[in-house]
$ cat my_file19.cif   # mmCIF, C-alpha atoms
data_entry
#
loop_
_atom_site.label_atom_id
_atom_site.label_comp_id
_atom_site.auth_asym_id
_atom_site.auth_seq_id
_atom_site.Cartn_x
_atom_site.Cartn_y
_atom_site.Cartn_z
CA MET A 1 49.27 50.57 30.59
CA ASN A 2 46.78 50.25 33.47
CA LYS A 3 47.65 49.20 37.00
CA VAL A 4 46.19 45.70 36.57
CA MET A 5 48.40 44.99 33.57
CA ILE A 6 51.46 46.44 35.33
CA ARG A 7 50.91 44.22 38.37
CA THR A 8 50.33 41.21 36.12
CA LEU A 9 53.49 41.91 34.13
CA ALA A 10 55.57 42.37 37.27
CA GLY A 11 54.23 39.15 38.81
CA CYS A 12 54.84 37.11 35.67
CA LEU A 13 58.36 38.46 35.24
CA SER A 14 59.21 37.68 38.85
CA LEU A 15 57.84 34.14 38.61
CA THR A 16 59.44 33.35 35.28
CA GLY A 17 62.75 34.86 36.36
CA LEU A 18 62.89 32.58 39.41
CA ILE A 19 61.96 29.56 37.31
CA SER A 20 64.58 30.41 34.69
CA GLN A 21 67.33 30.82 37.29
CA THR A 22 66.41 27.52 38.94
CA LEU A 23 66.42 25.58 35.66
CA GLN A 24 69.63 27.15 34.41
CA ALA A 25 71.43 26.33 37.64
CA ALA A 26 70.54 22.65 37.15
CA GLU A 27 71.94 22.51 33.61
CA SER A 28 75.46 22.25 32.26
CA PRO A 29 76.89 25.57 30.98
CA GLN A 30 77.90 23.71 27.81
CA ASP A 31 74.33 23.54 26.48
CA PRO A 32 74.36 24.68 22.84
CA HIS A 33 72.95 28.12 22.02
CA THR A 34 69.96 28.04 19.70
CA GLU A 35 70.43 30.20 16.63
CA SER A 36 67.84 32.65 15.30
CA LYS A 37 65.22 30.90 13.22
CA GLY A 38 61.96 31.61 11.49
CA PHE A 39 59.63 30.96 8.59
CA ILE A 40 56.58 32.42 6.91
CA ALA A 41 53.95 30.68 4.81
CA VAL A 42 51.05 32.07 2.81
CA GLY A 43 48.24 29.75 1.85
CA VAL A 44 44.70 29.29 0.63
CA GLY A 45 42.30 26.67 1.90
CA ALA A 46 38.80 25.24 1.91
CA PHE A 47 37.04 25.06 5.27
CA ALA A 48 33.76 23.52 6.41
CA GLY A 49 32.22 23.13 9.84
CA GLN A 50 29.38 23.64 12.27
CA GLY A 51 29.05 24.54 15.94
CA PRO A 52 27.08 26.62 18.44
CA PHE A 53 28.45 30.04 17.45
CA GLY A 54 27.42 30.22 13.81
CA ASP A 55 25.43 28.48 11.11
CA ALA A 56 26.97 25.47 9.39
CA SER A 57 29.03 26.76 6.48
CA ALA A 58 31.77 26.04 3.96
CA GLY A 59 34.01 28.33 2.02
CA LEU A 60 37.45 29.41 0.86
CA GLY A 61 39.93 31.62 2.66
CA TYR A 62 43.56 32.64 2.85
CA PHE A 63 45.94 32.66 5.81
CA ILE A 64 49.42 33.58 6.96
CA ASN A 65 51.40 31.23 9.18
CA GLY A 66 54.78 32.25 10.53
CA ALA A 67 57.18 32.56 13.44
CA TYR A 68 60.55 34.13 14.10
CA GLU A 69 62.96 34.20 17.04
CA TRP A 70 65.92 36.54 17.36
CA ASP A 71 69.27 35.78 19.01
CA ASN A 72 68.30 37.76 22.11
CA GLY A 73 65.32 35.46 22.82
CA LEU A 74 62.51 37.70 21.58
CA PHE A 75 60.03 35.98 19.28
CA VAL A 76 56.75 36.45 17.45
CA GLU A 77 54.28 33.76 16.36
CA VAL A 78 51.47 34.27 13.84
CA PRO A 79 49.76 30.87 13.61
CA GLY A 80 47.29 30.26 10.82
CA GLY A 81 45.93 27.57 8.54
CA PRO A 82 44.09 24.30 9.20
CA ASN A 83 46.94 22.73 11.16
CA ASN A 84 47.51 25.57 13.62
CA ILE A 85 47.85 24.11 17.13
CA LEU A 86 49.74 27.01 18.72
CA GLY A 87 46.73 29.21 19.41
CA SER A 88 46.54 32.98 18.91
CA THR A 89 49.11 35.46 17.65
CA SER A 90 51.77 35.86 20.35
CA VAL A 91 54.87 37.82 21.19
CA GLY A 92 57.26 36.75 23.91
CA TYR A 93 60.71 36.18 25.29
CA ASN A 94 62.48 32.87 25.75
CA LEU A 95 63.70 32.60 29.35
CA TYR A 96 65.27 29.15 29.20
CA ARG A 97 65.91 26.35 26.69
CA ASN A 98 67.69 23.01 26.60
CA ALA A 99 67.37 19.99 24.35
CA HIS A 100 63.97 19.05 25.75
CA TRP A 101 62.34 22.04 27.49
CA ASP A 102 61.45 25.68 26.83
CA VAL A 103 60.18 28.36 29.22
CA ASP A 104 58.75 31.53 27.62
CA PHE A 105 57.23 34.75 28.81
CA LEU A 106 54.19 35.21 26.57
CA ALA A 107 51.70 37.94 25.62
CA SER A 108 48.68 36.63 23.72
CA SER A 109 44.89 36.25 23.98
CA ALA A 110 42.65 33.74 25.75
CA HIS A 111 39.56 34.71 23.73
CA SER A 112 39.46 36.64 20.48
CA GLY A 113 37.22 39.61 19.93
CA ALA A 114 33.78 38.67 18.67
CA ASP A 115 30.40 39.89 17.53
CA THR A 116 28.00 37.95 19.74
CA LYS A 117 24.84 37.35 17.71
CA TYR A 118 21.36 36.72 19.10
CA ILE A 119 18.57 35.59 16.77
CA GLN A 120 15.22 37.05 17.88
CA GLN A 121 11.85 35.38 17.48
CA ASP A 122 11.04 37.41 14.37
CA GLY A 123 14.30 36.27 12.77
CA SER A 124 16.11 39.58 13.19
CA GLU A 125 19.50 39.74 14.89
CA LEU A 126 21.01 41.60 17.81
CA ARG A 127 24.79 41.95 17.77
CA PHE A 128 27.14 42.81 20.63
CA THR A 129 30.74 43.75 19.89
CA LYS A 130 33.13 42.11 22.35
CA ASN A 131 36.77 43.03 22.89
CA PRO A 132 39.47 40.33 22.97
CA THR A 133 40.65 38.99 26.34
CA ASN A 134 44.44 39.34 26.49
CA TYR A 135 46.96 37.94 28.93
CA LEU A 136 50.57 38.08 30.06
CA GLY A 137 51.69 34.65 31.18
CA VAL A 138 54.24 31.86 31.21
CA ARG A 139 54.47 29.03 28.67
CA PHE A 140 56.23 25.72 29.32
CA ARG A 141 56.93 23.40 26.38
CA GLY A 142 58.74 20.09 26.37
CA ILE A 143 59.28 16.70 24.77
CA TRP A 144 59.12 13.53 26.83
CA SER A 145 58.97 9.91 25.60
CA GLY A 146 57.99 11.04 22.12
CA LEU A 147 55.15 13.27 23.37
CA ARG A 148 55.08 17.05 23.20
CA PHE A 149 53.66 19.00 26.12
CA GLN A 150 52.56 22.62 26.48
CA LEU A 151 51.26 24.50 29.51
CA ILE A 152 50.23 28.17 29.57
CA ALA A 153 49.34 29.86 32.85
CA THR A 154 48.45 33.46 33.65
CA PRO A 155 47.28 34.83 37.02
CA LYS A 156 45.04 37.59 35.65
CA LEU A 157 43.39 38.36 32.33
CA SER A 158 42.85 41.83 30.92
CA ASP A 159 39.91 43.88 32.26
CA ASP A 160 39.79 41.70 35.42
CA ARG A 161 38.29 38.70 33.60
CA GLY A 162 39.84 36.13 35.92
CA ALA A 163 42.71 33.70 35.36
CA TYR A 164 43.50 31.42 32.44
CA MET A 165 45.23 28.09 31.96
CA SER A 166 45.78 25.94 28.88
CA SER A 167 47.38 22.50 28.61
CA GLN A 168 48.10 20.48 25.50
CA ILE A 169 49.65 17.14 24.61
CA SER A 170 50.48 16.08 21.06
CA LYS A 171 52.06 13.16 19.22
CA HIS A 172 53.83 13.36 15.85
CA TRP A 173 54.71 10.64 13.32
CA THR A 174 56.55 10.60 10.00
CA ILE A 175 55.27 8.05 7.48
CA LYS A 176 57.37 8.27 4.31
CA ASN A 177 56.88 11.91 3.27
CA TRP A 178 53.72 12.39 5.36
CA HIS A 179 53.82 14.21 8.68
CA VAL A 180 50.92 13.04 10.84
CA PHE A 181 49.99 14.38 14.27
CA SER A 182 47.27 14.50 16.88
CA ALA A 183 46.78 17.06 19.64
CA TYR A 184 44.48 17.21 22.65
CA ARG A 185 43.95 20.51 24.51
CA VAL A 186 42.13 21.49 27.70
CA ASN A 187 41.55 25.15 28.58
CA TYR A 188 40.34 26.57 31.88
CA LEU A 189 38.00 29.51 31.18
CA SER A 190 37.08 31.79 34.08
CA GLY A 191 33.49 32.69 34.90
CA ASP A 192 34.25 36.41 34.59
CA MET A 193 35.50 35.92 31.04
CA LEU A 194 32.63 33.69 29.93
CA ASN A 195 30.10 35.99 31.56
CA TYR A 196 31.49 38.90 29.53
CA TYR A 197 30.84 37.05 26.26
CA TYR A 198 27.76 34.97 27.05
CA GLY A 199 26.06 36.42 30.14
CA VAL A 200 22.68 38.18 30.07
CA ASN A 201 22.15 41.28 32.21
CA ASN A 202 19.04 43.40 31.62
CA THR A 203 19.71 46.06 34.26
CA GLU A 204 19.79 49.65 33.04
CA ASN A 205 23.47 50.47 33.62
CA ASN A 206 25.27 47.27 32.66
CA SER A 207 28.18 46.81 30.28
CA ASN A 208 27.16 43.35 29.12
CA ASN A 209 24.40 41.88 26.94
CA ARG A 210 20.92 43.35 27.41
CA ILE A 211 18.25 41.25 25.70
CA SER A 212 14.61 41.78 26.62
CA GLY A 213 12.67 38.56 27.08
CA LEU A 214 15.65 36.44 28.12
CA PRO A 215 16.30 35.48 31.74
CA GLU A 216 19.35 36.87 33.51
CA TYR A 217 22.33 34.58 33.20
CA ILE A 218 25.66 34.72 35.01
CA ALA A 219 28.14 32.25 33.54
CA SER A 220 30.33 30.08 35.74
CA SER A 221 33.84 28.90 34.90
CA GLY A 222 34.31 25.96 32.56
CA LEU A 223 36.72 23.61 30.81
CA SER A 224 36.89 23.41 27.03
CA HIS A 225 38.23 20.28 25.32
CA SER A 226 39.48 20.03 21.75
CA LEU A 227 40.95 17.26 19.60
CA HIS A 228 42.94 17.95 16.43
CA LEU A 229 44.07 15.42 13.82
CA GLY A 230 46.27 16.66 10.99
CA VAL A 231 48.54 15.67 8.13
CA THR A 232 51.11 17.62 6.10
CA TYR A 233 52.69 16.58 2.82
CA PRO A 234 55.44 18.48 0.94
CA LEU A 235 54.42 18.85 -2.69
CA THR A 236 57.73 20.51 -3.62
CA GLU A 237 60.57 22.19 -1.76
CA HIS A 238 58.35 25.20 -0.94
CA TRP A 239 54.74 24.01 -1.44
CA LEU A 240 52.89 22.16 1.34
CA PHE A 241 49.54 20.38 1.45
CA ASP A 242 47.68 20.30 4.79
CA ALA A 243 44.52 18.57 5.96
CA SER A 244 42.92 18.68 9.40
CA LEU A 245 39.93 17.52 11.39
CA ARG A 246 39.00 19.38 14.60
CA TYR A 247 36.50 18.62 17.35
CA TYR A 248 35.66 21.15 20.07
CA HIS A 249 33.61 20.27 23.16
CA THR A 250 31.83 23.43 24.30
CA PRO A 251 31.70 24.02 28.08
CA SER A 252 28.28 23.84 29.70
CA ALA A 253 28.80 27.38 31.02
CA ILE A 254 28.64 28.57 27.40
CA VAL A 255 25.94 26.23 26.11
CA ASP A 256 23.64 27.01 29.08
CA SER A 257 23.60 30.70 28.15
CA PRO A 258 20.12 31.74 26.94
CA ILE A 259 21.84 33.43 23.98
CA ILE A 260 23.40 30.17 22.81
CA GLN A 261 20.31 28.10 23.62
CA SER A 262 18.14 30.41 21.54
CA ASN A 263 20.62 30.44 18.68
CA LEU A 264 20.86 26.64 18.70
CA ALA A 265 17.07 26.43 18.37
CA ARG A 266 16.72 29.10 15.69
CA GLY A 267 20.03 28.86 13.83
CA ASP A 268 20.65 27.00 10.61
CA ASN A 269 22.00 23.50 11.36
CA ARG A 270 23.94 24.42 14.51
CA SER A 271 25.28 21.93 17.05
CA ARG A 272 26.27 22.01 20.73
CA ASN A 273 29.85 21.04 19.96
CA ALA A 274 31.94 22.14 16.98
CA LEU A 275 33.38 20.03 14.17
CA GLY A 276 35.56 21.42 11.39
CA LEU A 277 37.45 20.16 8.34
CA GLY A 278 40.20 22.07 6.54
CA LEU A 279 42.24 21.50 3.37
CA SER A 280 44.92 23.92 2.23
CA VAL A 281 47.94 24.53 0.05
CA SER A 282 50.62 26.98 1.20
CA TYR A 283 53.93 28.39 0.01
CA VAL A 284 56.72 28.47 2.57
CA PHE A 285 59.40 31.15 2.17
#

$ encode --input "my_file19.cif" --output "structure tokens"
Amino acid sequence: MNKVMIRTLAGCLSLTGLISQTLQAAESPQDPHTESKGFIAVGVGAFAGQGPFGDASAGLGYFINGAYEWDNGLFVEVPGGPNNILGSTSVGYNLYRNAHWDVDFLASSAHSGADTKYIQQDGSELRFTKNPTNYLGVRFRGIWSGLRFQLIATPKLSDDRGAYMSSQISKHWTIKNWHVFSAYRVNYLSGDMLNYYYGVNNTENNSNNRISGLPEYIASSGLSHSLHLGVTYPLTEHWLFDASLRYYHTPSAIVDSPIIQSNLARGDNRSRNALGLGLSVSYVF
């Protein structure tokens, strides 16, 4: 583990430890202990959508959705499927919990690995393999007045790609056997991270995108916004039907990249912002 990750881990543990001690001191020692819990679901779904990162498309796919927490507070989350609102695969440790609030230490990713694609004038493609941007941070989750809140904060991303913050608010309803929910999320994305994925640097000894004919571009930080509407219906004791509609507002720091601008002009039915629809059936063990 490199020095940056060690310092990040130490800082997060110190911060979360202080927070946990403060919250526990304010609570009654008679709070019930949460037992180990978990589930796993395997499903298949149909997905359709368009956005700035790829051509409009539709198809079929499979997914795994699951989570488990042990008695000692360690947990793993593998979110998947059309109604995933947790984010990326995560491992962590629960530092504090009462009837309304959770505080977790979390290891996950702020941006998945990707093959950045640039469509050249002759129609050929240039591809750049990008590593994921990981983080060690703190996650706060709570329920207040029927609303569910989530906040993730990390002081430093892997490979010195800046800081990261994510906030989310969601509302859930039960209508007969239908579970309906909506979620709104805002993410702060650092300039160093966005520049790694979408910047253009044509100098000889750079570690980022080199594309002849495109102007140099250094991305600034940005805010991404997403809205998710979903429904779940139990077909049987173990089979679930899910449907979702997602909207993603792409930050200007990404859209202004010459790579994205060129791909929007030359791609097949692409759009500045992303819209996706998903339908699936899954079996829950």

$ atom_distance --input "my_file19.cif" --atom1 "atom CA of A:Leu157" --atom2 "atom CA of A:Leu264"
28.8 Å

$ atom_distance --input "my_file19.cif" --atom1 "atom CA of A:Tyr118" --atom2 "atom CA of A:Ser224"
21.9 Å

$ closest_residue --input "my_file19.cif" --among "A:Gly137, A:Gly123, A:Gly146, A:Gly66" --to "A:Tyr93" --atoms "all atoms listed in the file"
A:Gly137

$ atom_distance --input "my_file19.cif" --atom1 "atom CA of A:Leu95" --atom2 "atom CA of A:Ser145"
23.5 Å

$ residues_around --input "my_file19.cif" --residues "A:Met193" --least-positions-apart "5" --cutoff "9 Å" --atoms "all atoms listed in the file" --output "compact mmCIF listing (two decimals) with C-alpha atoms, in the frame of the given file"
# COMPACT_ATOMS: atom_id res chain seq x y z
CA HIS A 111 39.56 34.71 23.73
CA THR A 133 40.65 38.99 26.34
CA LEU A 157 43.39 38.36 32.33
CA ASP A 160 39.79 41.70 35.42
CA ARG A 161 38.29 38.70 33.60
CA GLY A 162 39.84 36.13 35.92
CA ALA A 163 42.71 33.70 35.36
CA TYR A 198 27.76 34.97 27.05
CA ALA A 219 28.14 32.25 33.54
CA SER A 221 33.84 28.90 34.90

$ closest_residue --input "my_file19.cif" --among "A:Ser108, A:Asn83, A:Ser158, A:Asn263" --to "A:Leu126" --atoms "all atoms listed in the file"
A:Asn263

$ closest_residue --input "my_file19.cif" --among "A:Tyr196, A:Val76, A:Arg97, A:Ile85" --to "A:Arg246" --atoms "all atoms listed in the file"
A:Ile85

$ resolve_selection --input "my_file19.cif" --expression "the PyMOL selection byres ((chain A and resi 184) around 6)" --output "list in words"
Gln168, Ile169, Ala183, Arg185, Ser226 and Leu227 of chain A

$ closest_residue --input "my_file19.cif" --among "A:Lys130, A:Lys176, A:His249, A:Arg141" --to "A:Ala153" --atoms "all atoms listed in the file"
A:Arg141

$ resolve_selection --input "my_file19.cif" --expression "the PyMOL selection byres ((chain A and resi 84) around 12)" --output "PyMOL selection string"
chain A and resi 63-67+77-83+85-89+181-183+228-232+242-246+278+280

$ write_last_selection --input "my_file19.cif" --atoms "C-alpha atoms" --output "compact mmCIF listing (two decimals), keeping the file's coordinate frame"
# COMPACT_ATOMS: atom_id res chain seq x y z
CA PHE A 63 45.94 32.66 5.81
CA ILE A 64 49.42 33.58 6.96
CA ASN A 65 51.40 31.23 9.18
CA GLY A 66 54.78 32.25 10.53
CA ALA A 67 57.18 32.56 13.44
CA GLU A 77 54.28 33.76 16.36
CA VAL A 78 51.47 34.27 13.84
CA PRO A 79 49.76 30.87 13.61
CA GLY A 80 47.29 30.26 10.82
CA GLY A 81 45.93 27.57 8.54
CA PRO A 82 44.09 24.30 9.20
CA ASN A 83 46.94 22.73 11.16
CA ILE A 85 47.85 24.11 17.13
CA LEU A 86 49.74 27.01 18.72
CA GLY A 87 46.73 29.21 19.41
CA SER A 88 46.54 32.98 18.91
CA THR A 89 49.11 35.46 17.65
CA PHE A 181 49.99 14.38 14.27
CA SER A 182 47.27 14.50 16.88
CA ALA A 183 46.78 17.06 19.64
CA HIS A 228 42.94 17.95 16.43
CA LEU A 229 44.07 15.42 13.82
CA GLY A 230 46.27 16.66 10.99
CA VAL A 231 48.54 15.67 8.13
CA THR A 232 51.11 17.62 6.10
CA ASP A 242 47.68 20.30 4.79
CA ALA A 243 44.52 18.57 5.96
CA SER A 244 42.92 18.68 9.40
CA LEU A 245 39.93 17.52 11.39
CA ARG A 246 39.00 19.38 14.60
CA GLY A 278 40.20 22.07 6.54
CA SER A 280 44.92 23.92 2.23
